[in-house]
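Asks: Just one file: protein-v6.csv, with CSV, C-alpha atoms and all ligand atoms.
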```csv
chain,number,residue,atom,x,y,z
H,171,MET,CA,58.9,123.1,133.5
H,172,ALA,CA,61.2,124.0,130.6
H,173,PRO,CA,61.2,127.7,129.9
H,174,GLN,CA,58.9,128.8,127.1
H,175,LEU,CA,61.0,131.8,126.1
H,176,PRO,CA,64.3,131.3,124.2
H,177,GLU,CA,67.4,132.9,125.7
H,178,LEU,CA,68.5,136.2,124.2
H,179,ALA,CA,72.1,137.1,124.1
H,180,SER,CA,71.4,140.8,124.4
H,181,LEU,CA,68.7,143.3,124.7
H,182,THR,CA,68.8,146.9,123.4
H,183,ILE,CA,66.2,149.4,124.5
H,184,HIS,CA,65.7,152.8,122.9
H,185,VAL,CA,63.7,155.1,125.2
H,186,LEU,CA,61.6,157.1,122.6
H,187,ILE,CA,59.2,158.6,125.2
H,188,ASP,CA,59.6,159.0,128.9
H,189,ASN,CA,58.8,161.6,131.5
H,190,GLU,CA,62.3,162.5,132.4
H,191,LEU,CA,65.2,163.9,130.4
H,192,ASP,CA,68.8,163.7,131.7
H,193,PRO,CA,71.4,163.4,128.9
H,194,ILE,CA,74.3,163.8,131.4
H,195,SER,CA,74.0,161.2,134.2
H,196,PRO,CA,75.8,157.9,133.4
H,197,SER,CA,74.6,154.4,134.1
H,198,PRO,CA,75.2,153.6,137.8
H,199,ASN,CA,75.4,149.9,137.0
H,200,PRO,CA,78.3,148.4,135.0
H,201,LEU,CA,76.0,145.6,133.7
H,202,VAL,CA,73.7,148.2,132.1
H,203,GLU,CA,75.3,150.1,129.2
H,204,GLN,CA,73.8,153.5,128.6
H,205,SER,CA,74.3,155.8,125.6
H,206,GLY,CA,72.5,158.5,123.9
H,207,GLY,CA,73.6,161.4,126.1
H,208,MET,CA,75.5,164.5,125.3
H,209,LYS,CA,78.7,162.5,124.4
H,210,THR,CA,76.8,160.4,121.8
H,211,ILE,CA,74.9,163.3,120.4
H,212,GLY,CA,78.0,165.5,120.1
H,213,LEU,CA,80.2,162.8,118.5
H,214,ASN,CA,77.4,162.1,116.0
H,215,GLY,CA,76.7,165.8,115.2
H,216,PRO,CA,77.4,167.6,112.0
H,217,ASP,CA,81.0,167.5,110.7
H,218,LEU,CA,82.9,170.8,111.4
H,219,THR,CA,86.3,169.8,110.0
H,220,LYS,CA,85.7,172.0,107.0
H,221,ASP,CA,84.3,174.9,109.0
H,222,SER,CA,87.0,177.6,108.9
H,223,SER,CA,85.3,179.7,111.5
H,224,ARG,CA,85.9,177.0,114.1
H,225,PRO,CA,89.4,175.6,113.3
H,226,GLY,CA,90.2,172.4,115.2
H,227,ALA,CA,86.5,171.6,116.0
H,228,ALA,CA,85.4,168.2,114.7
H,229,ARG,CA,81.6,168.1,115.5
H,230,GLU,CA,78.8,170.3,116.5
H,231,LEU,CA,76.6,169.3,119.6
H,232,ARG,CA,73.2,170.5,118.4
H,233,MET,CA,70.5,171.1,121.0
H,234,ASP,CA,67.9,170.1,118.4
H,235,HIS,CA,69.3,166.6,118.3
H,236,ILE,CA,68.3,166.0,122.0
H,237,CYS,CA,65.0,164.2,122.6
H,238,CYS,CA,62.2,165.9,124.5
H,239,SER,CA,60.4,164.4,127.5
H,240,ALA,CA,56.7,163.9,127.5
H,241,HIS,CA,54.2,162.3,130.0
H,242,GLY,CA,54.0,158.8,128.7
H,243,LEU,CA,56.1,155.8,127.6
H,244,SER,CA,57.4,154.3,124.4
H,245,LEU,CA,60.3,151.8,124.3
H,246,LEU,CA,61.7,150.3,121.1
H,247,ILE,CA,63.1,146.9,122.3
H,248,THR,CA,65.4,144.6,120.2
H,249,GLY,CA,66.3,141.1,121.4
H,250,THR,CA,69.2,139.3,119.7
H,251,SER,CA,69.6,135.6,119.9
H,252,PRO,CA,73.0,133.9,120.5
H,253,SER,CA,73.0,133.1,116.7
H,254,GLY,CA,72.5,136.8,115.8
H,255,GLU,CA,68.8,136.8,114.9
H,256,SER,CA,67.0,139.9,116.0
H,257,HIS,CA,63.4,140.7,116.8
H,258,THR,CA,62.0,144.1,117.6
H,259,VAL,CA,58.9,145.2,119.5
H,260,LEU,CA,57.6,148.7,120.1
H,261,PHE,CA,56.2,148.8,123.6
H,262,ASP,CA,53.7,151.7,123.8
H,263,THR,CA,53.8,154.9,121.7
H,264,GLY,CA,53.7,157.8,124.1
H,265,PRO,CA,51.0,160.5,124.4
H,266,GLU,CA,50.9,162.3,121.1
H,267,ASP,CA,51.9,162.0,117.4
H,268,SER,CA,54.2,165.0,117.5
H,269,ALA,CA,56.2,163.7,120.5
H,270,PHE,CA,56.7,160.3,118.9
H,271,GLU,CA,57.7,161.8,115.5
H,272,ARG,CA,60.1,164.4,117.0
H,273,ASN,CA,62.0,161.9,119.2
H,274,ALA,CA,62.0,159.1,116.5
H,275,LEU,CA,63.7,161.6,114.1
H,276,ARG,CA,66.2,162.6,116.7
H,277,LEU,CA,67.0,159.2,118.2
H,278,LYS,CA,66.9,157.4,114.8
H,279,PRO,CA,66.2,153.8,115.9
H,280,ASP,CA,65.5,151.2,113.1
H,281,LEU,CA,61.8,151.7,113.0
H,282,GLY,CA,61.5,149.4,109.9
H,283,ALA,CA,62.6,146.5,112.2
H,284,VAL,CA,59.5,146.7,114.4
H,285,GLU,CA,57.4,143.5,113.9
H,286,THR,CA,54.9,144.2,116.7
H,287,ILE,CA,53.6,147.2,118.5
H,288,GLN,CA,52.2,146.2,121.9
H,289,LEU,CA,50.0,148.5,123.8
H,290,SER,CA,50.4,148.0,127.6
H,291,HIS,CA,46.9,149.3,128.4
H,292,TRP,CA,44.2,151.7,127.0
H,293,HIS,CA,45.4,155.0,128.3
H,294,ARG,CA,46.2,158.0,126.0
H,295,ASP,CA,49.7,158.6,127.4
H,296,HIS,CA,50.6,155.2,125.9
H,297,SER,CA,48.4,155.1,122.8
H,298,GLY,CA,48.4,158.7,121.7
H,299,GLY,CA,51.4,158.3,119.3
H,300,MET,CA,50.1,155.0,117.8
H,301,LEU,CA,48.9,156.2,114.4
H,302,GLN,CA,52.2,158.2,113.8
H,303,ALA,CA,54.2,155.2,114.9
H,304,ILE,CA,52.5,152.9,112.5
H,305,SER,CA,52.9,155.3,109.7
H,306,MET,CA,56.6,155.8,110.4
H,307,ILE,CA,57.2,152.1,110.8
H,308,GLN,CA,55.4,151.2,107.6
H,309,SER,CA,57.3,153.8,105.6
H,310,SER,CA,60.6,152.5,107.0
H,311,LYS,CA,59.9,148.9,105.9
H,312,PRO,CA,61.2,147.6,102.6
H,313,PRO,CA,58.6,147.0,99.8
H,314,GLY,CA,56.8,143.7,100.3
H,315,ALA,CA,57.6,143.4,104.0
H,316,ASP,CA,54.9,142.2,106.4
H,317,PRO,CA,52.9,145.1,107.9
H,318,VAL,CA,53.4,145.8,111.6
H,319,ARG,CA,51.1,143.9,113.9
H,320,VAL,CA,49.4,145.8,116.7
H,321,ASP,CA,48.8,143.7,119.8
H,322,LEU,CA,45.9,145.1,121.8
H,323,HIS,CA,43.6,144.1,124.6
H,324,PRO,CA,40.1,143.6,123.2
H,325,SER,CA,38.4,145.7,125.9
H,326,ARG,CA,38.9,149.2,124.5
H,327,PRO,CA,37.0,151.7,126.6
H,328,THR,CA,35.1,154.4,124.6
H,329,TYR,CA,36.7,156.9,127.0
H,330,ARG,CA,38.7,156.7,130.2
H,331,GLY,CA,38.9,159.3,132.9
H,332,LEU,CA,39.3,160.2,136.6
H,333,GLN,CA,36.7,161.2,139.1
H,334,PRO,CA,38.0,162.0,142.6
H,335,PRO,CA,35.3,162.4,145.3
H,336,GLY,CA,33.3,165.6,145.0
H,337,LEU,CA,34.8,166.6,141.6
H,338,PRO,CA,33.4,166.2,138.1
H,339,VAL,CA,34.7,163.6,135.7
H,340,VAL,CA,37.8,164.6,133.8
H,341,SER,CA,37.9,162.5,130.6
H,342,LEU,CA,41.1,161.6,128.7
H,343,GLU,CA,41.1,161.9,124.9
H,344,PRO,CA,39.9,158.7,123.3
H,345,ASP,CA,42.5,156.0,122.4
H,346,PRO,CA,42.8,155.3,118.7
H,347,THR,CA,40.1,153.0,117.5
H,348,PHE,CA,40.7,149.5,116.1
H,349,GLU,CA,39.5,150.8,112.7
H,350,ALA,CA,41.9,153.8,112.7
H,351,ILE,CA,44.8,151.5,113.6
H,352,GLU,CA,43.9,149.2,110.6
H,353,GLN,CA,43.5,152.3,108.3
H,354,ALA,CA,46.9,153.5,109.3
H,355,GLY,CA,48.4,150.2,108.1
H,356,GLY,CA,48.6,148.1,111.3
H,357,VAL,CA,47.3,144.6,111.6
H,358,VAL,CA,45.2,144.5,114.7
H,359,GLU,CA,45.5,141.4,116.9
H,360,LYS,CA,43.4,141.2,120.1
H,361,HIS,CA,44.6,139.2,123.0
H,362,ASP,CA,43.6,138.8,126.7
H,363,VAL,CA,45.7,135.8,127.6
H,364,ALA,CA,49.5,135.3,127.6
H,365,HIS,CA,51.1,134.6,124.2
H,366,THR,CA,54.4,135.1,122.4
H,367,VAL,CA,55.1,137.7,119.7
H,368,ALA,CA,58.0,138.7,117.4
H,369,GLY,CA,59.2,135.3,116.3
H,370,GLY,CA,58.5,133.9,119.8
H,371,ALA,CA,61.3,136.1,121.3
H,372,PHE,CA,58.9,138.0,123.6
H,373,MET,CA,55.8,137.2,125.7
H,374,VAL,CA,52.9,139.4,126.3
H,375,SER,CA,51.0,138.6,129.5
H,376,GLY,CA,47.3,138.2,130.0
H,377,GLU,CA,45.4,139.8,132.9
H,378,ILE,CA,47.7,140.3,135.9
H,379,PRO,CA,46.5,138.7,139.1
H,380,ARG,CA,46.0,141.1,141.9
H,381,VAL,CA,47.7,139.5,144.9
H,382,THR,CA,49.4,142.2,147.2
H,383,PRO,CA,47.1,143.9,149.7
H,384,TYR,CA,48.6,147.4,149.0
H,385,GLU,CA,48.3,147.6,145.1
H,386,ARG,CA,44.7,148.6,144.6
H,387,GLY,CA,44.6,149.9,141.0
H,388,LEU,CA,44.2,153.4,139.6
H,389,ARG,CA,42.6,155.5,142.3
H,390,PHE,CA,39.4,157.3,141.0
H,391,GLY,CA,39.7,155.6,137.6
H,392,VAL,CA,36.5,155.6,135.6
H,393,ARG,CA,35.4,154.5,132.1
H,394,TYR,CA,32.6,155.6,129.9
H,395,VAL,CA,30.1,152.9,128.9
H,396,GLU,CA,27.7,153.6,126.0
H,397,GLY,CA,24.2,153.7,127.5
H,398,GLY,CA,25.6,153.3,131.1
H,399,GLY,CA,27.6,156.5,131.6
H,400,TRP,CA,30.7,156.7,133.7
H,401,VAL,CA,31.4,153.7,135.8
H,402,GLY,CA,34.2,152.9,138.3
H,403,ASP,CA,37.3,151.3,136.6
H,404,GLU,CA,40.0,151.3,139.2
H,405,GLU,CA,41.1,147.7,138.3
H,406,MET,CA,42.2,148.5,134.7
H,407,ALA,CA,41.9,144.8,133.9
H,408,ASP,CA,43.3,145.3,130.3
H,409,GLU,CA,46.8,146.1,131.5
H,410,ARG,CA,49.4,143.6,130.2
H,411,PHE,CA,53.2,143.5,130.4
H,412,LEU,CA,55.9,142.4,128.0
H,413,MET,CA,58.8,140.1,128.9
H,414,CYS,CA,61.7,138.2,127.5
H,415,ARG,CA,64.5,136.0,128.8
H,416,LEU,CA,68.1,137.2,128.8
H,417,LYS,CA,71.1,134.9,129.0
H,418,GLY,CA,73.6,135.4,131.8
H,419,THR,CA,77.1,136.6,131.1
H,420,ILE,CA,80.0,134.5,132.2
H,421,THR,CA,83.2,136.3,133.2
H,422,PHE,CA,86.4,134.3,133.7
H,423,LEU,CA,88.6,135.3,136.6
H,424,ALA,CA,92.3,134.2,137.0
H,425,LEU,CA,92.9,133.4,140.6
H,426,LEU,CA,96.1,132.5,142.5
H,427,VAL,CA,95.2,129.8,145.0
H,428,LYS,CA,97.6,128.5,147.6
H,429,GLY,CA,97.6,124.7,147.8
H,430,ALA,CA,99.8,122.0,149.3
H,431,GLU,CA,102.2,122.4,146.3
H,432,GLY,CA,102.3,126.2,146.7
H,433,TRP,CA,100.6,128.9,144.7
H,434,VAL,CA,98.6,127.7,141.6
H,435,LEU,CA,97.0,129.7,138.9
H,436,THR,CA,93.4,128.6,138.4
H,437,LEU,CA,90.5,129.9,136.3
H,438,ALA,CA,87.2,130.5,137.9
H,439,PHE,CA,84.0,131.7,136.2
H,440,VAL,CA,81.6,134.1,137.7
H,441,GLY,CA,78.1,133.6,136.2
H,442,ALA,CA,76.4,137.0,136.3
H,443,GLY,CA,73.1,135.2,136.0
H,444,LYS,CA,70.4,137.3,134.3
H,445,GLY,CA,67.0,136.0,133.5
H,446,LEU,CA,63.6,137.5,132.8
H,447,VAL,CA,63.3,141.2,131.8
H,448,MET,CA,59.8,142.6,132.2
H,449,PHE,CA,58.4,145.9,130.7
H,450,THR,CA,55.5,147.5,132.4
H,451,GLY,CA,53.6,150.5,131.1
H,452,CYS,CA,51.9,152.1,134.1
H,453,SER,CA,51.7,149.3,136.7
H,454,HIS,CA,48.1,150.1,137.5
H,455,ALA,CA,47.9,146.3,138.4
H,456,GLY,CA,50.8,146.9,140.8
H,457,VAL,CA,54.5,146.5,139.8
H,458,VAL,CA,54.9,143.8,142.4
H,459,ASN,CA,51.9,141.9,141.1
H,460,ALA,CA,53.3,142.2,137.6
H,461,ALA,CA,56.7,141.1,138.8
H,462,ARG,CA,55.2,138.1,140.6
H,463,HIS,CA,53.2,137.1,137.5
H,464,THR,CA,56.4,136.9,135.4
H,465,LEU,CA,57.4,134.1,137.7
H,466,ASP,CA,54.0,132.4,137.2
H,467,LEU,CA,54.6,132.4,133.5
H,468,GLU,CA,58.2,131.3,133.6
H,469,PRO,CA,58.6,129.7,137.1
H,470,ASP,CA,62.1,128.4,136.6
H,471,VAL,CA,63.8,131.5,135.4
H,472,PRO,CA,64.8,134.3,137.9
H,473,LEU,CA,63.5,137.8,137.3
H,474,TYR,CA,66.5,140.0,136.5
H,475,ALA,CA,65.1,143.4,135.6
H,476,VAL,CA,61.9,145.5,135.4
H,477,MET,CA,61.6,148.6,133.3
H,478,GLY,CA,58.8,151.1,132.8
H,479,GLY,CA,56.3,153.1,134.9
H,480,PHE,CA,55.8,151.8,138.4
H,481,HIS,CA,53.0,154.3,139.1
H,482,LEU,CA,54.1,155.3,142.6
H,483,ALA,CA,54.4,159.1,142.0
H,484,ASP,CA,51.3,159.8,144.1
H,485,ALA,CA,51.4,156.7,146.3
H,486,GLU,CA,51.5,156.6,150.1
H,487,GLY,CA,54.9,156.2,151.7
H,488,GLU,CA,54.0,152.8,153.1
H,489,GLN,CA,53.2,151.5,149.6
H,490,ILE,CA,56.4,152.8,148.2
H,491,ALA,CA,58.4,151.2,151.0
H,492,ALA,CA,56.6,147.9,150.6
H,493,THR,CA,57.1,147.9,146.8
H,494,ALA,CA,60.8,148.4,147.1
H,495,GLN,CA,61.2,145.7,149.7
H,496,ASP,CA,59.0,143.2,147.9
H,497,LEU,CA,60.8,143.7,144.5
H,498,LYS,CA,64.1,143.1,146.3
H,499,ALA,CA,62.7,140.0,148.0
H,500,LEU,CA,61.7,138.7,144.6
H,501,GLY,CA,65.3,138.8,143.7
H,502,VAL,CA,65.1,141.5,141.0
H,503,LYS,CA,68.6,142.9,140.3
H,504,VAL,CA,67.9,146.1,138.3
H,505,LEU,CA,65.0,148.4,138.2
H,506,LEU,CA,64.9,150.8,135.2
H,507,ALA,CA,62.3,153.0,136.7
H,508,GLY,CA,60.7,155.7,134.5
H,509,HIS,CA,57.4,157.3,133.4
H,510,CYS,CA,55.0,157.5,136.4
H,511,THR,CA,57.4,156.0,139.1
H,512,GLY,CA,58.0,159.4,140.7
H,513,TRP,CA,61.2,160.7,142.4
H,514,ARG,CA,60.2,159.6,145.9
H,515,ALA,CA,59.9,155.9,144.8
H,516,LYS,CA,63.2,156.1,142.8
H,517,PHE,CA,64.9,157.5,145.9
H,518,GLU,CA,63.4,154.6,148.0
H,519,ILE,CA,64.5,152.0,145.4
H,520,GLN,CA,68.0,153.3,145.4
H,521,LYS,CA,68.1,153.1,149.2
H,522,VAL,CA,66.7,149.6,149.4
H,523,MET,CA,68.4,148.0,146.4
H,524,GLY,CA,71.8,149.7,146.9
H,525,GLU,CA,74.2,151.1,144.2
H,526,GLY,CA,73.3,149.9,140.7
H,527,GLY,CA,69.8,148.5,141.7
H,528,LEU,CA,68.2,151.7,140.3
H,529,VAL,CA,68.9,152.8,136.8
H,530,PRO,CA,66.6,155.7,136.0
H,531,SER,CA,65.1,155.6,132.6
H,532,PHE,CA,65.6,158.8,130.6
H,533,VAL,CA,64.1,159.7,127.3
H,534,GLY,CA,66.7,159.6,124.5
H,535,SER,CA,68.8,156.9,126.2
H,536,THR,CA,69.7,153.6,124.7
H,537,PHE,CA,70.2,150.8,127.2
H,538,VAL,CA,71.9,147.5,126.5
H,539,LEU,CA,71.3,144.7,129.0
P,601,ZN,ZN,47.8,154.3,132.6
P,602,ZN,ZN,51.0,156.0,132.0
```
Rewrite the structure from the file as structure tokens, please.

Replies:
Amino acid sequence: MAPQLPELASLTIHVLIDNELDPISPSPNPLVEQSGGMKTIGLNGPDLTKDSSRPGAARELRMDHICCSAHGLSLLITGTSPSGESHTVLFDTGPEDSAFERNALRLKPDLGAVETIQLSHWHRDHSGGMLQAISMIQSSKPPGADPVRVDLHPSRPTYRGLQPPGLPVVSLEPDPTFEAIEQAGGVVEKHDVAHTVAGGAFMVSGEIPRVTPYERGLRFGVRYVEGGGWVGDEEMADERFLMCRLKGTITFLALLVKGAEGWVLTLAFVGAGKGLVMFTGCSHAGVVNAARHTLDLEPDVPLYAVMGGFHLADAEGEQIAATAQDLKALGVKVLLAGHCTGWRAKFEIQKVMGEGGLVPSFVGSTFVL
């Protein structure tokens, strides 16, 4: 089957919200460019060349230019085609308006370029910055530009919460309503099946099939149903991922080969095959289930990278081990783990995938794949 997604020449991801901040550690993988750390912030700081109190200093590294971490996720993703055409999606919006605003002002991505906001699932740590994001995106667009589309699953719970055995329900704050999103200036689009967005450059999944025996949803998850009270909702069926297709890079190598006529200089090319890149919000459906489903949607393209929250922070050791092994078996090359992945799972992924297989996602980073 011919792939449905076009090949992108490059993919740039600005991490607007994530749980972890580390502006010092470099990318451990030469195929994943990472910037936005202290060096970038310092070299882009205020000009000091005319400051006579600090002769010889060129720039000031300001602490208030560093993004702040928050529990949640928001990724601004731009795919560029081989002909130079770019399309941008904002994947989730983090937990609160102030966190989105602060980091967007510090990281300064091109918000006006966002064509679509996709919400991965109805959970406040992904939807809480939505109204602020719409407002900032709309005010960054030129007059007359199309308003931002907001791609949502139609099944919005009135409330979501958690109820561990023997404890009362703890409710999350409500997600923004469809009406509030429209009032903020977004154009609501409701989808529960796979479809493409942003000029066809990206695909949003439908419901993710639950296949593995060890990925069992969000433990103790509940939702409030009008007239029905709190009901079990561990499956979180509204969760959807985002994916796109990245072209491989070809590197030429000059080789000296010894033949019958003596040493000959030949050119060989090494295809660093890339493929699908999948973004997952919280992986309540299971990151392995989500990874497998990318290959249902695009069966003839390998899965190159997975980025986002893998929700393993409170998982049993067996599940963490099975997840790392199964992602490796699926042929994934890079795991940009963040949000709810947890340090134990990141450690296990590093161990199983080897050097460069884990690229931790830090807030304030810009990754180029
Ligand atoms: Zn969630
Ligand atoms: Zn989450």

Asks: If the limit is 6 Å from any atom of ligand ZN 602 (chain P), counting only C-alpha atoms and all ligand atoms, which residues qualify? Return them as a list in words.

Replies: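 Answer in the requested format: Gly242, Asp295 and Cys452 of chain H.
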
Asks: Counting all atoms listed in the file, name the residues that have an atom within 8 Å of an atom of ligand ZN 601 (chain P); the answer should be given as a list in words.

Replies: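 What falls inside 8 Å of ligand ZN 601 (chain P) is His291, Trp292, His293, Arg294, Asp295, His296, Leu388, Gly451, Cys452, Ser453 and His454 of chain H.
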
Asks: Do you know which residues are at most 9 Å from range 514-519 of chain H counting all atoms listed in the file, after dropping those on the same chain fewer than 4 positions away, and could you put them as a list in words?

Replies: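 Once the nearby chain positions are removed, what remains is Phe480, Leu482, Ala483, Ala485, Gly487, Ile490, Ala491, Thr493, Ala494, Gln495, Lys498, Leu505, Ala507, Gly508, Met523, Gly524, Gly527, Leu528, Val529 and Pro530 of chain H.
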
Asks: Determine, counting only C-alpha atoms, which protein, DNA and RNA residues have an atom within 12 Å of an atom of range 216-222 of chain H; residues of the same chain fewer than 5 positions away are not included. Present the result as a short mmCIF file (atom, residue, chain, number, x, y, z; two decimals) with C-alpha atoms, in the coordinates of the input.

Replies:
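The result, written out as around-v5.cif:
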```
data_model
loop_
_atom_site.label_atom_id
_atom_site.label_comp_id
_atom_site.auth_asym_id
_atom_site.auth_seq_id
_atom_site.Cartn_x
_atom_site.Cartn_y
_atom_site.Cartn_z
CA ILE H 211 74.90 163.30 120.40
CA ALA H 227 86.50 171.60 116.00
CA ALA H 228 85.40 168.20 114.70
CA ARG H 229 81.60 168.10 115.50
CA GLU H 230 78.80 170.30 116.50
CA LEU H 231 76.60 169.30 119.60
CA ARG H 232 73.20 170.50 118.40
CA MET H 233 70.50 171.10 121.00
CA ASP H 234 67.90 170.10 118.40
CA HIS H 235 69.30 166.60 118.30
#
```

Asks: Show me, as a ChimeraX atom specification, the residues that have an atom within 12 Å of Arg389 in chain H when counting all atoms listed in the file, minus same-chain residues fewer than 5 positions from it.

Replies: /H:331-335,402-406,454-456,481-482,484-486

Asks: Tell me, as number ranges by chain, which residues lie within 10 Å of Leu260 in chain H, counting all atoms listed in the file; anything in the same chain fewer than 2 positions away does not count.

Replies: H: 183-184, 186, 244-248, 258, 262-263, 281, 283-289, 303, 307, 318, 320

Asks: Using CA of Leu178 in chain H and CA of Ala364 in chain H as the two end points, give the distance in Å to one decimal.

Replies: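 One can read the CA of Leu178 in chain H to CA of Ala364 in chain H distance as 19.3 Å.
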